[in-house]
>>> print(open('target21.pdb').read())   # PDB, C-alpha atoms
ATOM      1  CA  MET A   1     -11.204 -38.396  30.626
ATOM      2  CA  SER A   2      -9.210 -41.643  30.615
ATOM      3  CA  GLN A   3      -9.271 -44.112  27.750
ATOM      4  CA  GLN A   4     -11.143 -46.631  29.934
ATOM      5  CA  LEU A   5     -13.867 -44.110  30.688
ATOM      6  CA  LEU A   6     -14.189 -43.348  27.003
ATOM      7  CA  ILE A   7     -14.588 -47.051  26.257
ATOM      8  CA  ASN A   8     -17.261 -47.383  28.949
ATOM      9  CA  CYS A   9     -19.044 -44.308  27.658
ATOM     10  CA  ASN A  10     -19.042 -45.650  24.111
ATOM     11  CA  SER A  11     -20.579 -48.885  25.363
ATOM     12  CA  ARG A  12     -23.224 -47.009  27.347
ATOM     13  CA  CYS A  13     -23.929 -44.735  24.415
ATOM     14  CA  LEU A  14     -24.479 -47.733  22.170
ATOM     15  CA  VAL A  15     -26.860 -49.318  24.667
ATOM     16  CA  ALA A  16     -28.767 -46.057  24.972
ATOM     17  CA  PHE A  17     -28.848 -45.632  21.207
ATOM     18  CA  VAL A  18     -30.182 -49.180  20.791
ATOM     19  CA  VAL A  19     -33.031 -48.591  23.208
ATOM     20  CA  VAL A  20     -33.859 -45.053  22.161
ATOM     21  CA  SER A  21     -33.690 -45.779  18.440
ATOM     22  CA  VAL A  22     -36.492 -48.294  18.811
ATOM     23  CA  VAL A  23     -38.373 -46.901  21.783
ATOM     24  CA  VAL A  24     -38.840 -43.397  20.442
ATOM     25  CA  VAL A  25     -40.255 -44.762  17.214
ATOM     26  CA  PHE A  26     -42.879 -46.610  19.183
ATOM     27  CA  ALA A  27     -43.392 -44.309  22.101
ATOM     28  CA  GLY A  28     -45.466 -41.344  21.075
ATOM     29  CA  LEU A  29     -46.720 -41.470  24.601
ATOM     30  CA  THR A  30     -47.172 -37.757  25.077
ATOM     31  CA  GLU A  31     -49.509 -37.662  22.098
ATOM     32  CA  ALA A  32     -51.183 -40.996  22.896
ATOM     33  CA  SER A  33     -51.908 -40.125  26.534
ATOM     34  CA  GLY A  34     -51.557 -36.809  28.309
ATOM     35  CA  GLN A  35     -51.065 -38.691  31.593
ATOM     36  CA  ILE A  36     -47.720 -40.201  30.562
ATOM     37  CA  ASP A  37     -44.480 -38.253  30.197
ATOM     38  CA  VAL A  38     -42.396 -39.581  27.322
ATOM     39  CA  ASP A  39     -39.082 -38.474  28.866
ATOM     40  CA  GLU A  40     -39.769 -40.332  32.099
ATOM     41  CA  ASP A  41     -40.842 -43.391  30.175
ATOM     42  CA  LEU A  42     -37.648 -43.330  28.120
ATOM     43  CA  LYS A  43     -35.517 -43.118  31.260
ATOM     44  CA  HIS A  44     -37.355 -46.124  32.659
ATOM     45  CA  LEU A  45     -36.964 -48.157  29.475
ATOM     46  CA  ILE A  46     -33.288 -47.381  29.003
ATOM     47  CA  GLY A  47     -32.594 -48.883  32.434
ATOM     48  CA  ARG A  48     -34.721 -51.951  31.791
ATOM     49  CA  CYS A  49     -31.990 -54.010  30.112
ATOM     50  CA  HIS A  50     -28.505 -54.151  31.650
ATOM     51  CA  ARG A  51     -25.639 -55.170  29.413
ATOM     52  CA  ASP A  52     -23.504 -57.875  31.002
ATOM     53  CA  ASP A  53     -20.636 -59.297  28.943
ATOM     54  CA  ALA A  54     -20.836 -62.462  31.019
ATOM     55  CA  ASN A  55     -24.468 -63.011  30.013
ATOM     56  CA  LEU A  56     -25.057 -61.344  26.651
ATOM     57  CA  GLU A  57     -27.821 -63.799  25.803
ATOM     58  CA  ALA A  58     -30.010 -62.481  28.640
ATOM     59  CA  TYR A  59     -29.348 -58.886  27.550
ATOM     60  CA  ASN A  60     -30.217 -59.649  23.933
ATOM     61  CA  ASP A  61     -33.418 -61.411  25.003
ATOM     62  CA  CYS A  62     -34.333 -58.399  27.145
ATOM     63  CA  MET A  63     -33.785 -56.016  24.235
ATOM     64  CA  LYS A  64     -35.859 -58.224  21.947
ATOM     65  CA  GLN A  65     -38.702 -58.042  24.453
ATOM     66  CA  VAL A  66     -38.415 -54.234  24.635
ATOM     67  CA  PHE A  67     -38.851 -54.055  20.849
ATOM     68  CA  ASN A  68     -41.944 -56.238  20.923
ATOM     69  CA  ASP A  69     -43.576 -54.772  24.039
ATOM     70  CA  LEU A  70     -43.659 -51.327  22.435
ATOM     71  CA  ARG A  71     -44.626 -52.118  18.856
ATOM     72  CA  ALA A  72     -48.116 -50.702  19.346
ATOM     73  CA  TYR A  73     -46.577 -47.214  19.223
ATOM     74  CA  PHE A  74     -45.195 -47.632  15.716
ATOM     75  CA  THR A  75     -48.200 -45.709  14.435
ATOM     76  CA  THR A  76     -47.562 -42.539  16.450
ATOM     77  CA  GLY A  77     -43.898 -41.541  16.365
ATOM     78  CA  VAL A  78     -42.723 -38.748  18.662
ATOM     79  CA  PRO A  79     -43.248 -35.363  16.992
ATOM     80  CA  GLY A  80     -41.495 -33.576  19.877
ATOM     81  CA  TYR A  81     -38.219 -35.271  18.876
ATOM     82  CA  ASN A  82     -38.864 -35.314  15.128
ATOM     83  CA  ILE A  83     -39.421 -39.085  15.175
ATOM     84  CA  GLN A  84     -41.681 -40.074  12.315
ATOM     85  CA  PRO A  85     -44.176 -42.984  12.470
ATOM     86  CA  PHE A  86     -43.044 -46.323  11.093
ATOM     87  CA  ASP A  87     -46.495 -47.694  10.278
ATOM     88  CA  PRO A  88     -46.887 -46.486   7.703
ATOM     89  CA  HIS A  89     -43.471 -45.024   7.105
ATOM     90  CA  HIS A  90     -42.643 -43.015   4.011
ATOM     91  CA  SER A  91     -39.681 -42.553   1.704
ATOM     92  CA  SER A  92     -39.886 -39.735  -0.814
ATOM     93  CA  PHE A  93     -37.107 -40.868  -3.168
ATOM     94  CA  VAL A  94     -35.049 -44.039  -3.691
ATOM     95  CA  GLU A  95     -32.822 -44.632  -6.720
ATOM     96  CA  LEU A  96     -31.090 -47.711  -8.118
ATOM     97  CA  ARG A  97     -28.650 -47.636 -11.063
ATOM     98  CA  ARG A  98     -26.871 -50.399 -12.930
ATOM     99  CA  GLY A  99     -24.455 -50.207 -15.863
ATOM    100  CA  ASP A 100     -22.843 -47.337 -17.769
ATOM    101  CA  PRO A 101     -25.503 -44.967 -19.195
ATOM    102  CA  HIS A 102     -23.171 -44.321 -22.147
ATOM    103  CA  GLY A 103     -22.454 -47.998 -22.695
ATOM    104  CA  PRO A 104     -24.405 -50.748 -24.483
ATOM    105  CA  GLY A 105     -26.618 -51.615 -21.510
ATOM    106  CA  SER A 106     -27.830 -49.872 -18.360
ATOM    107  CA  PHE A 107     -30.951 -49.082 -16.345
ATOM    108  CA  LYS A 108     -32.153 -46.603 -13.751
ATOM    109  CA  LEU A 109     -35.050 -47.194 -11.365
ATOM    110  CA  ILE A 110     -36.509 -44.390  -9.252
ATOM    111  CA  LEU A 111     -39.191 -44.964  -6.612
ATOM    112  CA  ARG A 112     -41.087 -41.934  -5.323
ATOM    113  CA  ASN A 113     -43.511 -41.342  -2.457
ATOM    114  CA  VAL A 114     -43.221 -44.894  -1.151
ATOM    115  CA  SER A 115     -45.442 -45.898   1.778
ATOM    116  CA  GLU A 116     -44.910 -49.135   3.710
ATOM    117  CA  TYR A 117     -47.476 -50.794   6.002
ATOM    118  CA  GLY A 118     -47.434 -53.720   8.425
ATOM    119  CA  TRP A 119     -44.811 -52.746  11.022
ATOM    120  CA  SER A 120     -47.162 -52.714  14.020
ATOM    121  CA  ARG A 121     -47.911 -56.411  13.378
ATOM    122  CA  SER A 122     -44.249 -57.361  13.017
ATOM    123  CA  GLU A 123     -42.216 -59.294  15.588
ATOM    124  CA  VAL A 124     -38.518 -59.043  16.390
ATOM    125  CA  THR A 125     -37.298 -62.646  16.648
ATOM    126  CA  LYS A 126     -33.564 -62.108  17.266
ATOM    127  CA  PHE A 127     -31.432 -59.272  18.599
ATOM    128  CA  HIS A 128     -27.656 -58.873  18.921
ATOM    129  CA  SER A 129     -25.551 -55.887  19.971
ATOM    130  CA  HIS A 130     -21.929 -55.310  18.985
ATOM    131  CA  ALA A 131     -20.454 -52.621  21.243
ATOM    132  CA  GLU A 132     -17.019 -52.749  19.641
ATOM    133  CA  ASP A 133     -18.256 -51.309  16.336
ATOM    134  CA  GLN A 134     -21.407 -49.524  17.580
ATOM    135  CA  ARG A 135     -23.733 -51.862  15.704
ATOM    136  CA  ILE A 136     -27.001 -53.643  16.400
ATOM    137  CA  VAL A 137     -28.488 -56.461  14.336
ATOM    138  CA  TYR A 138     -32.063 -57.693  14.621
ATOM    139  CA  ALA A 139     -34.249 -60.142  12.716
ATOM    140  CA  GLN A 140     -37.886 -59.245  12.140
ATOM    141  CA  TYR A 141     -40.912 -61.241  10.961
ATOM    142  CA  PHE A 142     -43.935 -59.784   9.175
ATOM    143  CA  PRO A 143     -47.053 -61.888   8.579
ATOM    144  CA  GLU A 144     -47.926 -59.298   5.920
ATOM    145  CA  LYS A 145     -46.155 -56.209   4.612
ATOM    146  CA  SER A 146     -47.413 -53.944   1.840
ATOM    147  CA  LEU A 147     -45.807 -51.108  -0.120
ATOM    148  CA  GLU A 148     -46.999 -48.678  -2.764
ATOM    149  CA  GLY A 149     -45.720 -45.662  -4.659
ATOM    150  CA  GLU A 150     -44.738 -44.295  -8.053
ATOM    151  CA  TYR A 151     -41.911 -45.554 -10.250
ATOM    152  CA  GLU A 152     -39.786 -44.333 -13.143
ATOM    153  CA  PHE A 153     -37.765 -46.848 -15.148
ATOM    154  CA  VAL A 154     -35.260 -46.089 -17.922
ATOM    155  CA  ALA A 155     -33.214 -48.788 -19.653
ATOM    156  CA  LYS A 156     -30.817 -48.751 -22.590
ATOM    157  CA  MET A 157     -30.080 -51.950 -24.459
ATOM    158  CA  LEU A 158     -27.913 -51.920 -27.597
ATOM    159  CA  GLY A 159     -28.838 -48.353 -28.440
ATOM    160  CA  THR A 160     -32.577 -48.754 -27.792
ATOM    161  CA  GLU A 161     -34.123 -46.813 -24.908
ATOM    162  CA  LEU A 162     -37.111 -48.006 -22.883
ATOM    163  CA  ARG A 163     -39.013 -45.678 -20.571
ATOM    164  CA  ARG A 164     -41.869 -46.563 -18.243
ATOM    165  CA  GLN A 165     -43.540 -44.836 -15.297
ATOM    166  CA  GLY A 166     -46.649 -45.324 -13.234
ATOM    167  CA  HIS A 167     -48.052 -46.602  -9.945
ATOM    168  CA  TRP A 168     -46.953 -49.840  -8.292
ATOM    169  CA  ASN A 169     -47.984 -51.828  -5.248
ATOM    170  CA  LEU A 170     -46.511 -54.887  -3.572
ATOM    171  CA  THR A 171     -47.748 -57.190  -0.811
ATOM    172  CA  LEU A 172     -45.448 -59.694   0.888
ATOM    173  CA  TYR A 173     -46.674 -62.599   3.021
ATOM    174  CA  ASP A 174     -44.793 -64.656   5.609
ATOM    175  CA  TYR A 175     -41.870 -62.265   5.191
ATOM    176  CA  SER A 176     -38.707 -61.867   7.282
ATOM    177  CA  GLN A 177     -35.663 -59.601   7.106
ATOM    178  CA  THR A 178     -32.482 -58.883   9.062
ATOM    179  CA  THR A 179     -31.511 -55.264   9.742
ATOM    180  CA  SER A 180     -28.068 -53.998  10.759
ATOM    181  CA  VAL A 181     -27.712 -50.443  12.134
ATOM    182  CA  ARG A 182     -24.211 -49.015  12.646
ATOM    183  CA  ARG A 183     -22.971 -45.588  13.707
ATOM    184  CA  VAL A 184     -19.946 -44.654  11.591
ATOM    185  CA  GLY A 185     -18.372 -42.227  14.074
ATOM    186  CA  PRO A 186     -18.939 -40.456  17.407
ATOM    187  CA  PRO A 187     -22.413 -39.507  18.697
ATOM    188  CA  GLY A 188     -24.171 -37.340  16.129
ATOM    189  CA  SER A 189     -22.393 -38.940  13.177
ATOM    190  CA  LEU A 190     -24.190 -40.722  10.367
ATOM    191  CA  LEU A 191     -25.973 -44.038  10.763
ATOM    192  CA  LYS A 192     -25.599 -46.788   8.176
ATOM    193  CA  VAL A 193     -28.427 -49.284   7.703
ATOM    194  CA  HIS A 194     -28.258 -52.549   5.791
ATOM    195  CA  VAL A 195     -31.311 -54.760   5.248
ATOM    196  CA  GLU A 196     -31.217 -58.356   4.008
ATOM    197  CA  VAL A 197     -34.320 -60.204   2.813
ATOM    198  CA  ASP A 198     -34.355 -63.592   4.570
ATOM    199  CA  ARG A 199     -37.623 -65.148   3.404
ATOM    200  CA  ILE A 200     -40.669 -64.368   1.269
ATOM    201  CA  GLY A 201     -43.488 -66.885   1.632
ATOM    202  CA  GLY A 202     -45.824 -65.218  -0.865
ATOM    203  CA  MET A 203     -45.963 -62.131  -3.048
ATOM    204  CA  GLU A 204     -48.432 -60.083  -5.097
ATOM    205  CA  LEU A 205     -47.006 -57.344  -7.335
ATOM    206  CA  HIS A 206     -48.671 -54.907  -9.721
ATOM    207  CA  ILE A 207     -46.655 -52.538 -11.930
ATOM    208  CA  GLY A 208     -48.764 -50.016 -13.829
ATOM    209  CA  ASN A 209     -47.858 -49.241 -17.461
ATOM    210  CA  LEU A 210     -45.184 -51.915 -17.578
ATOM    211  CA  LEU A 211     -46.491 -52.975 -20.999
ATOM    212  CA  GLN A 212     -48.638 -51.040 -23.445
ATOM    213  CA  GLY A 213     -52.351 -51.718 -22.950
ATOM    214  CA  GLN A 214     -54.422 -53.096 -20.066
ATOM    215  CA  PRO A 215     -54.589 -56.723 -21.317
ATOM    216  CA  LEU A 216     -50.809 -56.890 -21.616
ATOM    217  CA  ASN A 217     -50.373 -55.337 -18.178
ATOM    218  CA  GLN A 218     -52.643 -57.968 -16.675
ATOM    219  CA  LEU A 219     -50.665 -60.657 -18.479
ATOM    220  CA  ALA A 220     -47.397 -59.232 -17.114
ATOM    221  CA  ASP A 221     -48.815 -59.194 -13.558
ATOM    222  CA  GLY A 222     -49.877 -62.815 -13.928
ATOM    223  CA  VAL A 223     -46.461 -63.920 -15.172
ATOM    224  CA  ILE A 224     -44.602 -62.015 -12.425
ATOM    225  CA  ASN A 225     -46.832 -63.281  -9.619
ATOM    226  CA  SER A 226     -46.679 -66.902 -10.776
ATOM    227  CA  MET A 227     -42.922 -67.045 -11.432
ATOM    228  CA  TRP A 228     -41.355 -64.605  -8.940
ATOM    229  CA  GLN A 229     -39.650 -67.419  -6.996
ATOM    230  CA  LEU A 230     -37.484 -68.196 -10.026
ATOM    231  CA  GLY A 231     -36.304 -64.605 -10.366
ATOM    232  CA  LEU A 232     -35.847 -63.880  -6.647
ATOM    233  CA  PRO A 233     -32.169 -64.953  -6.435
ATOM    234  CA  PHE A 234     -31.347 -62.424  -9.162
ATOM    235  CA  VAL A 235     -33.399 -59.485  -7.865
ATOM    236  CA  ARG A 236     -32.763 -60.050  -4.129
ATOM    237  CA  PRO A 237     -29.490 -58.002  -4.142
ATOM    238  CA  MET A 238     -31.300 -55.073  -5.780
ATOM    239  CA  ILE A 239     -34.165 -55.303  -3.257
ATOM    240  CA  ASN A 240     -31.628 -55.278  -0.412
ATOM    241  CA  GLU A 241     -29.915 -52.215  -1.885
ATOM    242  CA  LEU A 242     -33.156 -50.274  -2.405
ATOM    243  CA  VAL A 243     -34.450 -51.010   1.108
ATOM    244  CA  SER A 244     -31.081 -50.313   2.745
ATOM    245  CA  THR A 245     -30.796 -46.953   0.979
ATOM    246  CA  ALA A 246     -34.304 -45.949   2.042
ATOM    247  CA  PHE A 247     -33.777 -46.957   5.673
ATOM    248  CA  THR A 248     -30.407 -45.234   5.934
ATOM    249  CA  ASP A 249     -32.186 -41.977   5.056
ATOM    250  CA  ILE A 250     -35.113 -42.687   7.391
ATOM    251  CA  PHE A 251     -32.933 -43.604  10.406
ATOM    252  CA  ASN A 252     -30.645 -40.615   9.955
ATOM    253  CA  GLU A 253     -33.584 -38.227   9.725
ATOM    254  CA  SER A 254     -35.196 -39.569  12.892
ATOM    255  CA  PHE A 255     -32.342 -40.757  15.121
ATOM    256  CA  ARG A 256     -28.954 -39.237  14.197
ATOM    257  CA  LEU A 257     -29.361 -36.083  16.313
ATOM    258  CA  PHE A 258     -31.541 -37.534  19.053
ATOM    259  CA  PRO A 259     -30.318 -36.126  22.448
ATOM    260  CA  LEU A 260     -29.102 -39.361  24.042
ATOM    261  CA  ASP A 261     -27.274 -37.597  26.886
ATOM    262  CA  LYS A 262     -30.614 -36.365  28.196
ATOM    263  CA  PHE A 263     -31.568 -39.945  29.073
ATOM    264  CA  LEU A 264     -28.236 -41.216  30.398
ATOM    265  CA  SER A 265     -28.029 -41.435  34.180
TER     266      SER A 265
END
>>> encode(input="target21.pdb", output="structure tokens")
Amino acid sequence: MSQQLLINCNSRCLVAFVVVSVVVVFAGLTEASGQIDVDEDLKHLIGRCHRDDANLEAYNDCMKQVFNDLRAYFTTGVPGYNIQPFDPHHSSFVELRRGDPHGPGSFKLILRNVSEYGWSRSEVTKFHSHAEDQRIVYAQYFPEKSLEGEYEFVAKMLGTELRRQGHWNLTLYDYSQTTSVRRVGPPGSLLKVHVEVDRIGGMELHIGNLLQGQPLNQLADGVINSMWQLGLPFVRPMINELVSTAFTDIFNESFRLFPLDKFLS
């Protein structure tokens, strides 16, 4: 195969990956209706948007519409292709570390059994494809997104250790984020996901057992929920890292080995 054909194939593979990565999350059509064949529907949807370097804006608008037209299927997934639902979607383990555990200051945060809700009400507002580095970038708006799970927190400060664990839940209002998905090699290689928080209009957070005793916990919740805007610039990088780590695992589990060639004409 010539180099030009390889370049064209890579471009087509990216386009197919873009469509399939989103469509198959939404389109549990076989399970939702026995009268619709999911493979045929995927073939139809992959051909819906035609990439034209002379008019990338029209292609990006088309892809944005594909995302939004199919969001109702976020709740189903496609079990036949091991595609898990995204509303709610689940992450069993996410870890964040800072500092040297043997030094004067460090902390470790582990989130377990995290469930996230609100994806079927979300809207993709911008979409861009980058064929040269096999990457897509899309902005997404959520009127409301909620998360819950269990946490473990260990911190060491000047020789003193602090340990906390319990249940937590978080609700975000008027929330938007930008997601970048990139394949780091040929088809079948790992996917890398990076998520950036763009805006949080409102937030309610509860962290169980953060302080000793129910009155103190209620006081801590009140302080956090009334002053979170002040702390957001400092915690935003950690939020981005936690979410990006979780979604890299989720996307690789669902999409890395999806049989794209089956749907390429």
>>> closest_residue(input="target21.pdb", among="A:Thr245, A:Ser115, A:Gly201, A:Glu196", to="Trp168 in chain A", atoms="only C-alpha atoms")
A:Ser115
>>> resolve_selection(input="target21.pdb", expression="the PyMOL selection byres ((chain A and resi 198) around 12)", output="ChimeraX atom specification")
/A:138-142,174-179,195-197,199-201,232-233,236-237,239-240
>>> write_last_selection(input="target21.pdb", atoms="C-alpha atoms", output="PDB file, in the coordinates of the input")
ATOM      1  CA  TYR A 138     -32.063 -57.693  14.621  1.00  0.00           C
ATOM      2  CA  ALA A 139     -34.249 -60.142  12.716  1.00  0.00           C
ATOM      3  CA  GLN A 140     -37.886 -59.245  12.140  1.00  0.00           C
ATOM      4  CA  TYR A 141     -40.912 -61.241  10.961  1.00  0.00           C
ATOM      5  CA  PHE A 142     -43.935 -59.784   9.175  1.00  0.00           C
ATOM      6  CA  ASP A 174     -44.793 -64.656   5.609  1.00  0.00           C
ATOM      7  CA  TYR A 175     -41.870 -62.265   5.191  1.00  0.00           C
ATOM      8  CA  SER A 176     -38.707 -61.867   7.282  1.00  0.00           C
ATOM      9  CA  GLN A 177     -35.663 -59.601   7.106  1.00  0.00           C
ATOM     10  CA  THR A 178     -32.482 -58.883   9.062  1.00  0.00           C
ATOM     11  CA  THR A 179     -31.511 -55.264   9.742  1.00  0.00           C
ATOM     12  CA  VAL A 195     -31.311 -54.760   5.248  1.00  0.00           C
ATOM     13  CA  GLU A 196     -31.217 -58.356   4.008  1.00  0.00           C
ATOM     14  CA  VAL A 197     -34.320 -60.204   2.813  1.00  0.00           C
ATOM     15  CA  ARG A 199     -37.623 -65.148   3.404  1.00  0.00           C
ATOM     16  CA  ILE A 200     -40.669 -64.368   1.269  1.00  0.00           C
ATOM     17  CA  GLY A 201     -43.488 -66.885   1.632  1.00  0.00           C
ATOM     18  CA  LEU A 232     -35.847 -63.880  -6.647  1.00  0.00           C
ATOM     19  CA  PRO A 233     -32.169 -64.953  -6.435  1.00  0.00           C
ATOM     20  CA  ARG A 236     -32.763 -60.050  -4.129  1.00  0.00           C
ATOM     21  CA  PRO A 237     -29.490 -58.002  -4.142  1.00  0.00           C
ATOM     22  CA  ILE A 239     -34.165 -55.303  -3.257  1.00  0.00           C
ATOM     23  CA  ASN A 240     -31.628 -55.278  -0.412  1.00  0.00           C
TER      24      ASN A 240
END
>>> closest_residue(input="target21.pdb", among="A:Gly222, A:Gly80, A:Ala54, A:Ser92", to="Asp37 in chain A", atoms="all atoms listed in the file")
A:Gly80
>>> closest_residue(input="target21.pdb", among="A:Ile207, A:Met227, A:Val235, A:Leu219", to="Leu147 in chain A", atoms="all atoms listed in the file")
A:Ile207
>>> atom_distance(input="target21.pdb", atom1="CA of Leu170 in chain A", atom2="CA of Ser122 in chain A")
16.9 Å
